[in-house]
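Trainee: First the structure, which I've put down as structure tokens, then a few questions once you've had a look.
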Amino acid sequence: MSPPQQHYDKDSETCRLAIEFTTENRHQLPAIINDLVASSRDRQLFAHIDAELIPSEEKVVEIIQRTRRLLFPGYFNRQPLDDSHLEYAVGMEMTRLFEILSGEIALSIRHDCQRYDLVCTHCQERGQQEAIHFLKQLAEIRKVLTTDVQAAYDGDPAAKNIDEVIISYPGVLAITTHRIAHQLWRQEIPLLPRMMSEYAHSITGIDIHPGATIGKSFFLDHGTGVVIGETSKIGERVRVYQGVTLGALSLPKEEVEQLRHEKRHPTIEDDVTIYAGATILGGETIIGAGSVIGGSVWITASVPSGTKVFLAPPKLVYRNANSAAKKR
Amino acid sequence: MSPPQQHYDKDSETCRLAIEFTTENRHQLPAIINDLVASSRDRQLFAHIDAELIPSEEKVVEIIQRTRRLLFPGYFNRQPLDDSHLEYAVGMEMTRLFEILSGEIALSIRHDCQRYDLVCTHCQERGQQEAIHFLKQLAEIRKVLTTDVQAAYDGDPAAKNIDEVIISYPGVLAITTHRIAHQLWRQEIPLLPRMMSEYAHSITGIDIHPGATIGKSFFLDHGTGVVIGETSKIGERVRVYQGVTLGALSLPKEEVEQLRHEKRHPTIEDDVTIYAGATILGGETIIGAGSVIGGSVWITASVPSGTKVFLAPPKLVYRNANSAAKKR
Amino acid sequence: MSPPQQHYDKDSETCRLAIEFTTENRHQLPAIINDLVASSRDRQLFAHIDAELIPSEEKVVEIIQRTRRLLFPGYFNRQPLDDSHLEYAVGMEMTRLFEILSGEIALSIRHDCQRYDLVCTHCQERGQQEAIHFLKQLAEIRKVLTTDVQAAYDGDPAAKNIDEVIISYPGVLAITTHRIAHQLWRQEIPLLPRMMSEYAHSITGIDIHPGATIGKSFFLDHGTGVVIGETSKIGERVRVYQGVTLGALSLPKEEVEQLRHEKRHPTIEDDVTIYAGATILGGETIIGAGSVIGGSVWITASVPSGTKVFLAPPKLVYRNANSAAKKR
């Protein structure tokens with residue numbers, strides 16, 4: 001066989017090897033395909049065949065981006081937004097969002113109906129109704145997001161101006177996506193909210209479950225590694241730094257099923273600051289208003305309002321490089 | 001010079017400034033280009049000129065996505081998957097995957113041949129053989145992934161149903177990609193497996209080296225910040241939370257070269273749970289079966305089966321906000 | 001209403017439900033649109049109407065990718081790079097980069113002018129001058145990046161060869177983006193550098209503020225969760241592992257404004273290694289040359305050269321699973 005030539009793959013606009021496929025290899029494919037078809041039909045293994053479509057990741061991202069353009073007018077548009085064509089721009093964006101959102105909500109509902117063997121007779125209608133209800137909340141969500149952006153600017157000395165915060169802060173993308181997903185969660189739409197939160201998680205490293213309740217003026221700095229669980233309740237003017245977990249206490253396997261509908265994550269009252277890497281666990285844990293939780297603190301019990309909790313300075317061992325120090 | 005007008009850039013469908021480029025600035029370009037060409041030819045600096053193509057990131061992502069559609073039939077297809085056309089859908093997907101994978105494997109091998117000054121005579125043939133061998137494993141990998149998905153559902157009270165776990169859990173994307181990459185790693189394909197694991201890392205924040213050996217029913221919750229090193233060995237039914245490191249002990253620069261082929265990362269036996277932020281280091285460290293490693297625990301020595309290790313509750317300092325508390 | 005049919009959405013090449021939109025729902029849209037238009041005009045809420053375009057995320061990503069192709073010739077090109085057409089390839093890439101960069105710099109400057117109510121008369125000219133100045137630095141940045149790549153290879157026993165490090169290591173993408181963004185930061189370009197660092201953060205989980213000063217041979221391993229603040233100063237041959245924070249001391253809200261122009265983040269001298277999860281805080285904190293900071297160490301004061309600091313082994317509690325151990 002001669003050395004392979006390169007060819008230009010027009011799908012990916014990339015040069016690749018022009019492989020000469022040998023029949024010996026090719027002829028093995030049908031048997032492998034048959035095996036995988038059999039595997040796909042194996043009821044013990046997960047497959048999604050003859051089933052309703054599920055919301056697609058592309059559509060989920062499109063819904064978030066269109067909603068974000070409506071929530072922060074002019075910031076994420078590809079063309080400048082003039083006051084003279086504002087009605088037109090908002091109207092076009094919202095009409096298209098309504099159409100896509102109606103469809104994906106309907107798919108999410110149908111998926112659930114099929115799962116519970118319900119006959120789905122009005123998913124189209126409900127998709128539209130829920131989309132309309134969602135769109136009605138946008139003006140209110142805009143007000144809350146304005147407080148979040150202001151809190152980020154006020155809380156970060158590195159912020160140069162409000163616009164920089166809106167267009168580049170991952171915490172703002174995370175809380176924007178959360179406020180969208182949480183609204184759909186409150187409307188009891190299945191699947192879609194969780195797919196939205198996972199999109200934000202993939203971009204920002206911030207994992208906020210759509211079920212979490214979060215008050216206004218919420219500031220997430222840096223954010224990578226933050227985990228906020230499903231039944232968390234967070235008050236107003238709360239500040240959370242990177243690597244903070246609001247989680248559940250350890251979950252013995254046998255209790256998972258009964259825990260699905262209980263409050264498992266903490267309550268954070270107003271004006272609390274939680275520094276990097278702190279972990280707060282448990283559904284009955286309440287961090288009282290105005291408290292400050294120091295970096296890397298681990299808390300599983302409530303603290304009263306106005307408490308500052310920090311690690312007693314851990315004993316550090318200092319060694320000079322020239323001594324016989326054993327490296328960790 | 002008049003104020004710039006906007007123009008519509010059709011490549012990106014975006015309005016941009018229509019800059020009037022001045023000759024004064026333009027005329028500086030040739031000298032800068034010459035400098036950078038000279039720099040590109042400087043043998044002391046890294047460049048990849050007159051060299052074999054390397055696998056492209058786009059192709060790596062395409063291979064993962066096509067393989068994922070075969071491993072979870074119907075979940076990530078853009079069109080509904082009916083039983084009546086299952087053979088056709090699987091056949092088309094697998095044939096295309098075979099072609100692309102053969103090519104990228106061949107490129108990976110050729111790249112290594114060139115690096116070691118070997119004459120590469122059968123890279124095309126080996127690309128196809130290795131691709132065939134890989135595809136034969138998919139039915140088996142499907143079985144293992146089913147146990148991983150079930151473990152995620154069983155381990156997370158926030159999971160609503162299996163479909164949600166498959167389409168939205170980052171831990172499932174990470175372990176799916178790992179099982180793909182690890183199979184290629186076992187076939188000793190260079191470059192490609194590491195590029196795959198880095199793709200999953202960029203999406204999920206979960207960094208699993210393709211060399212790591214991981215048993216079935218593996219559950220990664222949240223996952224951001226998890227690092228699992230190349231020579232880690234993980235048993236069955238292991239649960240790992242966000243921010244966990246399975247790493248190497250500190251690496252004095254002079255010993256790095258000799259460590260390249262040694263076991264440097266820990267062994268985790270069956271049924272172990274490792275909570276958030278725990279760090280387990282060292283190639284001789286074995287966490288015995290059924291053990292529970294608490295959050296933020298730091299371990300560099302083995303523990304016997306059935307051990308629970310947790311931090312002695314660190315001394316926390318509580319201060320009332322009105323006292324003269326010194327802030328951390 | 002009949003059950004919905006599927007249709008093929010050609011924009012996304014996806015099958016979706018073909019919803020029959022009811023007039024009842026559609027007729028609610030105009031009122032919702034009017035509300036959101038009013039909200040968009042509410043001066044108390046953030047909007048960007050009748051304002052200058054801001055740099056677009058797509059263009060920022062394109063600038064980084066084109067610059068990276070110039071900095072690592074041949075590694076990220078879609079077609080093989082031969083010495084015979086090197087001038088042509090570099091010339092084309094740099095000319096196009098010059099054009100795009102000039103435009104986005106001009107937009108960034110105009111945005112700032114508008115914010116401070118300045119009349120912007122020479123933003124086009126300055127955009128080109130700054131772009132030229134930036135391009136002149138690329139040959140020098142190439143030299144520094146070569147030391148960074150070498151440091152990654154030397155520091156990681158899992159690295160198979162230099163090419164793998166360049167094409168797949170997130171730390172290399174992060175430091176490459178940082179060296180690009182930092183150059184623009186030094187030229188006092190607003191907005192653009194911060195958008196670049198946030199792009200790298202979203203891909204790698206590594207958050208380096210473009211203002212940070214970082215010496216050559218910088219090695220970031222794994223990287224997820226790393227935060228390096230705006231006024232950090234880092235020497236040469238420094239190694240930083242995942243989850244490390246170089247941050248500011250706690251920021252009482254009332255002091256944020258005055259802190260915006262102060263050094264708030266630490267200084268790390270040459271040859272320092274900082275292991276995973278360590279936190280170093282404060283603008284006056286200096287880590288002396290050759291020091292080693294152990295994993296999870298928390299430091300808010302300077303340490304002299306050659307110091308090794310590690311946590312006194314924390315008291316771990318070990319319990320056998322069969323005893324009456326209370327789980328954490």
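Ordered as shown in the structure tokens, chains take letters A, B, and onward, while each chain numbers its residues from 1 and ligands are numbered from 1 in the order shown.
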Dump as JSON lines the rows for residues of stretch 135-240 of chain C within 12 Å of stretch 273-283 of chain A: closest atom pair and distance in Å with one decimal, only C-alpha atoms counted, ordered by chain and rising residue number.

Mentor:
{"residue": "C:Gly225", "atom": "CA", "partner": "A:Gly277", "partner_atom": "CA", "distance": 10.1}
{"residue": "C:Val226", "atom": "CA", "partner": "A:Ala276", "partner_atom": "CA", "distance": 11.4}
{"residue": "C:Val227", "atom": "CA", "partner": "A:Ala276", "partner_atom": "CA", "distance": 10.5}

Trainee: Kindly provide, as a list of chain:residue names, the residues of chain C having any atom no farther than 6 Å from an atom of chain B, counting only C-alpha atoms.

Mentor: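 So the residues of chain C near chain B are C:Thr14, C:Cys15, C:Phe72, C:Pro73, C:Gly74, C:Tyr75, C:Pro80, C:Leu81, C:Asp82, C:Gly91, C:Lys136, C:Ala139, C:Thr146, C:Pro157, C:Ser168, C:Ile203, C:Thr204, C:Thr224, C:Lys315, C:Leu316, C:Val317, C:Tyr318, C:Arg319, C:Asn320, C:Ala321.
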
Trainee: Quick check, in Å to one decimal: how far apart do atom CA of C:Leu220 and atom CA of C:Val240 lie?

Mentor: 4.9 Å

Trainee: Could you state the separation of atom CA of C:Glu93 and atom CA of C:Leu70 in Å, given to one decimal place?

Mentor: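 Those two atoms sit 7.4 Å apart.
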
Trainee: Identify, on the basis of only C-alpha atoms, every residue whose closest approach to B:Cys123 does not exceed 7 Å; exclude the query and any residue fewer than 5 positions from it along the same chain; express the result as a list in words.

Mentor: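 Contacts, in chain order: Ala106, Ile109 and Arg110 of chain B.
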
Trainee: May I have all residues of stretch 162-303 of chain C that DSSP, computed from the backbone, assigns to strand (DSSP E or B), given as a list in words?

Mentor: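 Answer for stretch 162-303 of chain C, restricted to strand (DSSP E or B): Asp207, Ile208, Thr213, Ile214, Phe219, Leu220, Val227, Ile228, Lys233, Ile234, Arg239, Val240, Thr245, Leu246, Gly247, Thr267, Ile268, Thr273, Ile274, Thr279, Ile280, Leu281, Ile286, Ile287, Val292, Ile293, Trp298, Ile299 and Val303 of chain C.
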
Trainee: Write to file, as a CSV table (one decimal), in the first residue's frame, the residues of the selection just made, with C-alpha atoms.

Mentor:
chain,number,residue,atom,x,y,z
C,207,ASP,CA,-9.2,32.3,36.0
C,208,ILE,CA,-6.2,34.6,35.5
C,213,THR,CA,2.3,39.7,35.9
C,214,ILE,CA,3.7,36.3,35.3
C,219,PHE,CA,3.5,25.7,34.8
C,220,LEU,CA,-0.2,25.2,35.7
C,227,VAL,CA,-7.8,32.0,40.6
C,228,ILE,CA,-5.0,34.6,40.0
C,233,LYS,CA,3.1,39.3,40.7
C,234,ILE,CA,4.6,35.9,39.9
C,239,ARG,CA,4.5,25.8,39.4
C,240,VAL,CA,0.8,26.1,40.4
C,245,THR,CA,-6.1,31.0,44.8
C,246,LEU,CA,-3.9,34.1,44.7
C,247,GLY,CA,-6.5,36.4,46.1
C,267,THR,CA,3.8,38.4,45.2
C,268,ILE,CA,5.3,35.0,44.3
C,273,THR,CA,5.8,25.6,43.9
C,274,ILE,CA,2.2,25.9,45.1
C,279,THR,CA,-4.8,29.9,49.2
C,280,ILE,CA,-2.5,32.9,49.4
C,281,LEU,CA,-4.1,36.2,50.2
C,286,ILE,CA,5.4,37.8,49.6
C,287,ILE,CA,6.3,34.1,49.1
C,292,VAL,CA,7.1,25.2,48.5
C,293,ILE,CA,3.5,25.8,49.7
C,298,TRP,CA,-3.9,29.0,53.8
C,299,ILE,CA,-1.4,31.9,54.0
C,303,VAL,CA,7.3,33.7,54.2

Trainee: Could you please write out, as a ChimeraX atom specification, every residue of stretch 68-306 of chain A that DSSP assigns to alpha helix (DSSP H)?

Mentor: /A:68-71,86-115,123-136,138-155,162-168,170-186,192-204,256-259

Trainee: Would you work out the distance separating atom CA of B:Phe134 from atom CA of B:Ile180, expressed in Å to one decimal?

Mentor: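 Going from atom CA of B:Phe134 over to atom CA of B:Ile180 covers 8.6 Å.
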
Trainee: Tell me, as a compact mmCIF listing (two decimals) with C-alpha atoms, in the first residue's frame, which residues lie within 7 Å of B:Asp270, counting only C-alpha atoms; anything in the same chain fewer than 6 positions away does not count.

Mentor:
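Contents of the output file result.txt:
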# COMPACT_ATOMS: atom_id res chain seq x y z
CA GLY B 235 -12.80 -0.56 41.66
CA GLU B 236 -16.54 -1.03 41.22
CA ARG B 237 -19.38 1.02 42.72
CA VAL B 238 -17.09 3.90 43.68
CA ALA B 289 -13.02 -1.78 49.98
CA GLY B 290 -16.10 -0.16 51.48
